[in-house]
$ cat input.txt   # compact mmCIF, C-alpha atoms
# COMPACT_ATOMS: atom_id res chain seq x y z
CA MET A 1 90.86 11.58 -104.09
CA ILE A 2 94.36 13.04 -104.36
CA LYS A 3 96.72 11.66 -101.71
CA LEU A 4 100.15 12.45 -103.09
CA ILE A 5 101.56 15.46 -104.96
CA LEU A 6 104.93 15.03 -106.69
CA PHE A 7 107.02 18.07 -107.58
CA ASP A 8 109.99 18.50 -109.88
CA LEU A 9 112.88 20.49 -108.44
CA ASP A 10 114.67 22.34 -111.24
CA GLY A 11 112.46 24.93 -112.87
CA VAL A 12 109.48 24.21 -110.60
CA LEU A 13 110.53 24.67 -106.97
CA ILE A 14 113.74 26.53 -107.77
CA LYS A 15 115.25 28.31 -110.76
CA THR A 16 118.52 26.56 -111.48
CA LYS A 17 119.18 27.07 -115.19
CA ASP A 18 121.90 29.67 -114.55
CA ILE A 19 123.37 27.73 -111.63
CA HIS A 20 123.79 24.53 -113.67
CA TYR A 21 125.21 26.52 -116.59
CA GLU A 22 127.76 28.31 -114.40
CA ALA A 23 128.70 25.14 -112.48
CA LEU A 24 129.39 23.24 -115.71
CA ASN A 25 131.45 26.02 -117.26
CA MET A 26 133.49 26.38 -114.07
CA ALA A 27 134.29 22.65 -114.31
CA LEU A 28 135.00 22.74 -118.05
CA GLY A 29 137.38 25.70 -117.97
CA GLU A 30 137.82 28.17 -120.81
CA THR A 31 138.82 25.63 -123.46
CA TYR A 32 135.52 23.75 -123.46
CA ALA A 33 133.13 26.30 -121.94
CA ILE A 34 129.82 26.68 -123.74
CA SER A 35 128.07 29.94 -124.49
CA MET A 36 124.66 30.76 -123.04
CA GLU A 37 123.27 30.51 -126.57
CA GLU A 38 124.67 26.98 -126.92
CA HIS A 39 123.39 26.08 -123.47
CA LEU A 40 119.84 27.25 -124.14
CA GLY A 41 119.73 25.84 -127.66
CA ARG A 42 121.36 22.44 -127.21
CA TYR A 43 122.42 21.49 -123.69
CA ASP A 44 119.77 22.80 -121.30
CA GLY A 45 117.90 20.08 -119.43
CA LEU A 46 120.25 17.27 -120.41
CA PRO A 47 122.15 15.22 -117.84
CA THR A 48 125.75 16.38 -117.35
CA LYS A 49 127.10 13.08 -118.66
CA THR A 50 125.16 13.58 -121.92
CA LYS A 51 126.54 17.11 -122.21
CA LEU A 52 130.07 15.80 -121.75
CA GLU A 53 129.54 13.18 -124.49
CA MET A 54 128.31 15.93 -126.81
CA LEU A 55 131.35 18.07 -125.99
CA SER A 56 133.63 15.13 -126.78
CA ASP A 57 131.94 14.62 -130.15
CA GLU A 58 131.77 18.30 -131.05
CA LYS A 59 134.73 19.98 -129.35
CA GLY A 60 137.19 17.18 -128.69
CA LEU A 61 136.80 16.94 -124.91
CA LYS A 62 138.82 13.92 -123.78
CA GLN A 63 136.73 10.98 -122.56
CA GLU A 64 139.16 10.38 -119.69
CA ASP A 65 138.34 13.85 -118.33
CA HIS A 66 134.60 13.19 -118.07
CA GLU A 67 134.59 11.77 -114.52
CA ILE A 68 136.73 14.57 -113.08
CA ILE A 69 134.64 17.25 -114.80
CA TRP A 70 131.37 15.57 -113.72
CA LYS A 71 132.49 15.46 -110.07
CA GLN A 72 133.69 19.07 -110.17
CA LYS A 73 130.40 20.20 -111.74
CA GLN A 74 128.47 18.53 -108.90
CA GLU A 75 130.67 20.21 -106.28
CA ASN A 76 130.27 23.57 -108.02
CA THR A 77 126.49 23.11 -108.13
CA VAL A 78 126.29 22.55 -104.37
CA VAL A 79 128.42 25.63 -103.67
CA LEU A 80 126.33 27.80 -106.00
CA LEU A 81 123.06 26.51 -104.54
CA LYS A 82 124.28 27.37 -101.04
CA GLU A 83 125.29 30.86 -102.20
CA ASN A 84 122.18 31.64 -104.25
CA LEU A 85 119.17 30.02 -102.58
CA SER A 86 117.20 31.13 -99.55
CA PRO A 87 113.80 30.29 -98.04
CA ASP A 88 110.82 31.12 -100.24
CA ILE A 89 107.95 32.41 -98.07
CA LYS A 90 105.27 31.71 -100.70
CA LEU A 91 106.41 28.10 -101.11
CA LEU A 92 106.65 27.66 -97.34
CA ARG A 93 103.04 28.81 -96.97
CA LEU A 94 101.88 26.58 -99.81
CA PHE A 95 103.63 23.49 -98.43
CA SER A 96 102.39 24.20 -94.92
CA GLU A 97 98.83 24.40 -96.26
CA LEU A 98 99.21 21.22 -98.35
CA ARG A 99 100.55 19.36 -95.32
CA ALA A 100 97.68 20.72 -93.14
CA GLN A 101 95.21 19.39 -95.71
CA GLY A 102 96.73 15.92 -95.36
CA TYR A 103 98.58 15.58 -98.64
CA LYS A 104 101.70 13.46 -98.91
CA LEU A 105 104.42 15.35 -100.77
CA GLY A 106 107.31 14.16 -102.90
CA CYS A 107 110.06 15.52 -105.07
CA CYS A 108 111.23 13.73 -108.21
CA SER A 109 114.35 15.22 -109.77
CA ASN A 110 116.90 14.42 -112.46
CA SER A 111 119.47 16.03 -110.16
CA ILE A 112 121.73 13.91 -107.97
CA ARG A 113 120.55 13.32 -104.39
CA ARG A 114 123.10 15.69 -102.84
CA THR A 115 121.84 18.54 -105.05
CA VAL A 116 118.21 17.79 -104.17
CA LEU A 117 118.94 17.70 -100.44
CA THR A 118 121.00 20.88 -100.55
CA ALA A 119 118.43 22.81 -102.59
CA LEU A 120 115.42 21.75 -100.51
CA SER A 121 117.29 22.53 -97.30
CA LYS A 122 118.30 25.99 -98.52
CA ILE A 123 114.73 26.93 -99.52
CA GLY A 124 113.36 25.59 -96.24
CA LEU A 125 111.12 22.86 -97.67
CA ILE A 126 112.94 19.63 -96.91
CA GLU A 127 110.88 18.90 -93.79
CA TYR A 128 107.66 18.82 -95.84
CA PHE A 129 108.65 15.96 -98.12
CA ASP A 130 107.63 12.39 -97.45
CA ILE A 131 109.75 11.05 -100.31
CA LEU A 132 112.63 12.26 -102.45
CA ILE A 133 113.58 10.48 -105.66
CA SER A 134 116.72 11.60 -107.47
CA THR A 135 118.53 10.41 -110.56
CA ASP A 136 120.62 8.28 -108.17
CA ASP A 137 117.52 6.22 -107.35
CA VAL A 138 116.48 5.15 -110.85
CA ARG A 139 117.85 3.58 -114.00
CA ASN A 140 115.95 5.88 -116.36
CA ASN A 141 115.96 9.67 -116.06
CA LYS A 142 112.92 11.76 -116.88
CA PRO A 143 111.10 12.06 -119.16
CA HIS A 144 110.86 8.31 -118.49
CA PRO A 145 108.22 7.88 -115.73
CA GLU A 146 110.29 5.47 -113.59
CA MET A 147 110.91 7.94 -110.76
CA TYR A 148 107.22 8.82 -110.55
CA TRP A 149 106.27 5.15 -110.48
CA LYS A 150 108.85 4.53 -107.76
CA ALA A 151 107.58 7.44 -105.64
CA MET A 152 103.92 6.37 -106.00
CA SER A 153 104.76 2.78 -105.15
CA ALA A 154 106.79 3.75 -102.07
CA MET A 155 103.94 5.99 -100.88
CA HIS A 156 101.31 3.29 -101.58
CA CYS A 157 99.45 5.48 -104.09
CA LEU A 158 98.03 4.73 -107.50
CA PRO A 159 98.35 7.19 -110.40
CA ASP A 160 94.60 7.63 -110.71

$ encode --input "input.txt" --output "C-alpha cells"
Amino acid sequence: MIKLILFDLDGVLIKTKDIHYEALNMALGETYAISMEEHLGRYDGLPTKTKLEMLSDEKGLKQEDHEIIWKQKQENTVVLLKENLSPDIKLLRLFSELRAQGYKLGCCSNSIRRTVLTALSKIGLIEYFDILISTDDVRNNKPHPEMYWKAMSAMHCLPD
C-alpha cells in the first residue's frame, strides 16, 4: 500500500530551466555568460557549483569569484521565481485529492531550501507537504538516492 509520494521540484512541479539559466547569467555577467545552446547541451541540470568549476576550466572564471557568483545566482533565482510563478489550479486539485486520500507528500529537490520554499509557496502547494528535502539536507545530490532515503526514513516509510 502506497503511503508516501515524493515529488521532484524542478521540471516536475514547476518549469525552471529558463529561470535557472537567466539567474546564472545575471550573476556571471557578460564576460562569462553561457549561451542557451551551451546551457542545454552541457550545463542544464548540474549544480551551480559544478557549472562554476566548468566555467573556470573552460573560460577562465576566477575561483575566488565562485562564492560571490553562487550567492548572487541564488538571490536572482528567488527574485525570478517570485516574478514568474503563480498558483497552479490543476496541481492544487491534485494535491488536495491526494491529501484527501490519506497520502503523505514530500518534495525532494537538488535546489537549495530557500528556492524550494519560495517556489512551493508561490505555486500554492507548500501546505500540502509533510516533508521537504533540499540539497542543503544531504551530502549527495541526485541522482544519488540519499534524499529519497532520508525522506522515507523521516516519514517512517519503506521503499516497497

$ residues_around --input "input.txt" --residues "Asn110 (chain A)" --least-positions-apart "4" --cutoff "8 Å" --atoms "only C-alpha atoms" --output "list in words"
Pro47, Ser134, Thr135, Asn141 and Lys142 of chain A

$ atom_distance --input "input.txt" --atom1 "CA of Met36 (chain A)" --atom2 "CA of Ser121 (chain A)"
28.0 Å

$ axis_aligned_box --input "input.txt" --around "region 119-122 of chain A" --padding-each-side "5 Å" --output "AutoDock Vina command-line options"
--center_x 116.9 --center_y 23.9 --center_z -99.9 --size_x 13.0 --size_y 14.2 --size_z 15.3

$ closest_residue --input "input.txt" --among "A:Met54, A:Ile123, A:Leu24, A:Val12" --to "Trp70 (chain A)" --atoms "all atoms listed in the file"
A:Leu24

$ atom_distance --input "input.txt" --atom1 "CA of Ala119 (chain A)" --atom2 "CA of Val79 (chain A)"
10.4 Å

$ atom_distance --input "input.txt" --atom1 "CA of Ala33 (chain A)" --atom2 "CA of Lys71 (chain A)"
16.1 Å

$ residues_around --input "input.txt" --residues "His20 (chain A)" --least-positions-apart "2" --cutoff "12 Å" --atoms "all atoms listed in the file" --output "VMD selection string"
chain A and resid 10 to 11 14 to 18 22 to 27 34 36 39 to 40 43 to 48 51 70 72 to 81 84 111 115

$ closest_residue --input "input.txt" --among "A:Leu9, A:Cys157, A:Ile19, A:Ile112" --to "Ile126 (chain A)" --atoms "all atoms listed in the file"
A:Leu9

$ closest_residue --input "input.txt" --among "A:Ile5, A:Ile133, A:Leu125, A:Val138" --to "Ala151 (chain A)" --atoms "all atoms listed in the file"
A:Ile133

$ closest_residue --input "input.txt" --among "A:Lys62, A:Lys82, A:Lys49, A:Lys3" --to "Leu120 (chain A)" --atoms "only C-alpha atoms"
A:Lys82

$ closest_residue --input "input.txt" --among "A:Leu117, A:Ile68, A:Tyr128, A:Tyr32" --to "Arg93 (chain A)" --atoms "all atoms listed in the file"
A:Tyr128

$ closest_residue --input "input.txt" --among "A:Ile2, A:Ile69, A:Leu13, A:Leu105" --to "Asp130 (chain A)" --atoms "only C-alpha atoms"
A:Leu105

$ residues_near_point --input "input.txt" --point "(98.5, 21.0, -101.0)" --cutoff "12 Å" --atoms "all atoms listed in the file" --output "list in words"
Ile2, Lys3, Leu4, Ile5, Leu6, Phe7, Leu91, Leu92, Arg93, Leu94, Phe95, Ser96, Glu97, Leu98, Arg99, Ala100, Gln101, Gly102, Tyr103, Lys104, Leu105, Gly106, Tyr128 and Phe129 of chain A

$ decode --input "input.txt" --residues "region 84-132 of chain A" --atoms "N, CA and C atoms" --output "compact mmCIF listing (two decimals), in the first residue's frame"
# COMPACT_ATOMS: atom_id res chain seq x y z
N ASN A 84 7.78 35.04 -11.62
CA ASN A 84 7.29 34.19 -12.70
C ASN A 84 6.35 33.06 -12.30
N LEU A 85 6.22 32.77 -11.02
CA LEU A 85 5.37 31.66 -10.61
C LEU A 85 4.07 32.17 -10.00
N SER A 86 3.03 31.37 -10.17
CA SER A 86 1.74 31.66 -9.56
C SER A 86 1.05 30.32 -9.29
N PRO A 87 -0.02 30.34 -8.49
CA PRO A 87 -0.71 29.08 -8.19
C PRO A 87 -1.16 28.33 -9.43
N ASP A 88 -1.02 27.03 -9.38
CA ASP A 88 -1.40 26.14 -10.48
C ASP A 88 -2.66 25.38 -10.04
N ILE A 89 -3.79 25.71 -10.62
CA ILE A 89 -5.08 25.14 -10.22
C ILE A 89 -5.10 23.62 -10.36
N LYS A 90 -4.54 23.10 -11.44
CA LYS A 90 -4.53 21.64 -11.64
C LYS A 90 -3.73 20.94 -10.54
N LEU A 91 -2.56 21.50 -10.21
CA LEU A 91 -1.75 20.90 -9.14
C LEU A 91 -2.45 21.04 -7.79
N LEU A 92 -3.08 22.17 -7.55
CA LEU A 92 -3.81 22.34 -6.29
C LEU A 92 -4.91 21.29 -6.15
N ARG A 93 -5.63 21.03 -7.21
CA ARG A 93 -6.68 20.00 -7.17
C ARG A 93 -6.08 18.62 -6.93
N LEU A 94 -5.00 18.32 -7.64
CA LEU A 94 -4.34 17.02 -7.48
C LEU A 94 -3.87 16.83 -6.05
N PHE A 95 -3.18 17.82 -5.50
CA PHE A 95 -2.64 17.68 -4.15
C PHE A 95 -3.75 17.63 -3.10
N SER A 96 -4.82 18.35 -3.32
CA SER A 96 -5.97 18.30 -2.43
C SER A 96 -6.57 16.89 -2.43
N GLU A 97 -6.67 16.30 -3.60
CA GLU A 97 -7.21 14.94 -3.72
C GLU A 97 -6.27 13.91 -3.08
N LEU A 98 -4.97 14.05 -3.33
CA LEU A 98 -4.01 13.12 -2.73
C LEU A 98 -4.06 13.20 -1.20
N ARG A 99 -4.15 14.40 -0.68
CA ARG A 99 -4.23 14.59 0.77
C ARG A 99 -5.53 13.97 1.30
N ALA A 100 -6.65 14.18 0.58
CA ALA A 100 -7.95 13.63 1.00
C ALA A 100 -7.93 12.11 1.01
N GLN A 101 -7.12 11.52 0.14
CA GLN A 101 -6.99 10.06 0.09
C GLN A 101 -6.01 9.52 1.14
N GLY A 102 -5.41 10.40 1.91
CA GLY A 102 -4.57 9.98 3.02
C GLY A 102 -3.09 9.82 2.72
N TYR A 103 -2.66 10.24 1.55
CA TYR A 103 -1.23 10.11 1.22
C TYR A 103 -0.41 11.16 1.97
N LYS A 104 0.79 10.75 2.38
CA LYS A 104 1.79 11.68 2.85
C LYS A 104 2.53 12.16 1.61
N LEU A 105 2.92 13.43 1.59
CA LEU A 105 3.54 14.02 0.41
C LEU A 105 4.86 14.66 0.76
N GLY A 106 5.84 14.49 -0.13
CA GLY A 106 7.15 15.08 0.09
C GLY A 106 7.72 15.64 -1.19
N CYS A 107 8.67 16.53 -1.03
CA CYS A 107 9.39 17.10 -2.16
C CYS A 107 10.88 16.90 -1.91
N CYS A 108 11.56 16.34 -2.90
CA CYS A 108 13.00 16.12 -2.83
C CYS A 108 13.63 16.86 -4.01
N SER A 109 14.46 17.86 -3.70
CA SER A 109 14.98 18.73 -4.75
C SER A 109 16.47 18.99 -4.61
N ASN A 110 17.15 19.06 -5.74
CA ASN A 110 18.55 19.46 -5.75
C ASN A 110 18.71 20.97 -5.57
N SER A 111 17.62 21.70 -5.49
CA SER A 111 17.68 23.14 -5.23
C SER A 111 17.96 23.38 -3.75
N ILE A 112 18.45 24.58 -3.45
CA ILE A 112 18.65 24.93 -2.04
C ILE A 112 17.29 25.12 -1.37
N ARG A 113 17.25 25.00 -0.06
CA ARG A 113 15.99 25.07 0.69
C ARG A 113 15.22 26.37 0.42
N ARG A 114 15.89 27.48 0.38
CA ARG A 114 15.20 28.76 0.16
C ARG A 114 14.46 28.75 -1.18
N THR A 115 15.07 28.18 -2.21
CA THR A 115 14.43 28.09 -3.52
C THR A 115 13.21 27.18 -3.45
N VAL A 116 13.33 26.05 -2.78
CA VAL A 116 12.21 25.11 -2.65
C VAL A 116 11.04 25.78 -1.93
N LEU A 117 11.32 26.42 -0.82
CA LEU A 117 10.27 27.09 -0.04
C LEU A 117 9.60 28.20 -0.84
N THR A 118 10.40 29.00 -1.53
CA THR A 118 9.85 30.09 -2.33
C THR A 118 8.96 29.55 -3.45
N ALA A 119 9.46 28.56 -4.18
CA ALA A 119 8.71 28.01 -5.31
C ALA A 119 7.40 27.38 -4.86
N LEU A 120 7.45 26.54 -3.83
CA LEU A 120 6.23 25.87 -3.36
C LEU A 120 5.22 26.86 -2.78
N SER A 121 5.71 27.91 -2.16
CA SER A 121 4.81 28.96 -1.67
C SER A 121 4.13 29.68 -2.82
N LYS A 122 4.91 30.03 -3.84
CA LYS A 122 4.36 30.78 -4.98
C LYS A 122 3.33 29.98 -5.77
N ILE A 123 3.49 28.66 -5.85
CA ILE A 123 2.51 27.86 -6.61
C ILE A 123 1.38 27.35 -5.71
N GLY A 124 1.42 27.71 -4.44
CA GLY A 124 0.33 27.41 -3.53
C GLY A 124 0.29 26.01 -2.97
N LEU A 125 1.41 25.29 -3.05
CA LEU A 125 1.41 23.88 -2.62
C LEU A 125 2.10 23.62 -1.29
N ILE A 126 2.78 24.58 -0.73
CA ILE A 126 3.63 24.30 0.43
C ILE A 126 2.86 23.64 1.57
N GLU A 127 1.62 24.02 1.77
CA GLU A 127 0.84 23.48 2.89
C GLU A 127 0.55 21.99 2.76
N TYR A 128 0.71 21.43 1.57
CA TYR A 128 0.38 20.02 1.34
C TYR A 128 1.54 19.09 1.68
N PHE A 129 2.72 19.62 1.85
CA PHE A 129 3.89 18.77 2.03
C PHE A 129 4.16 18.45 3.48
N ASP A 130 4.39 17.16 3.72
CA ASP A 130 4.75 16.68 5.05
C ASP A 130 6.25 16.76 5.28
N ILE A 131 7.02 16.71 4.19
CA ILE A 131 8.48 16.77 4.30
C ILE A 131 9.06 17.41 3.05
N LEU A 132 10.09 18.21 3.27
CA LEU A 132 10.85 18.84 2.19
C LEU A 132 12.32 18.52 2.40
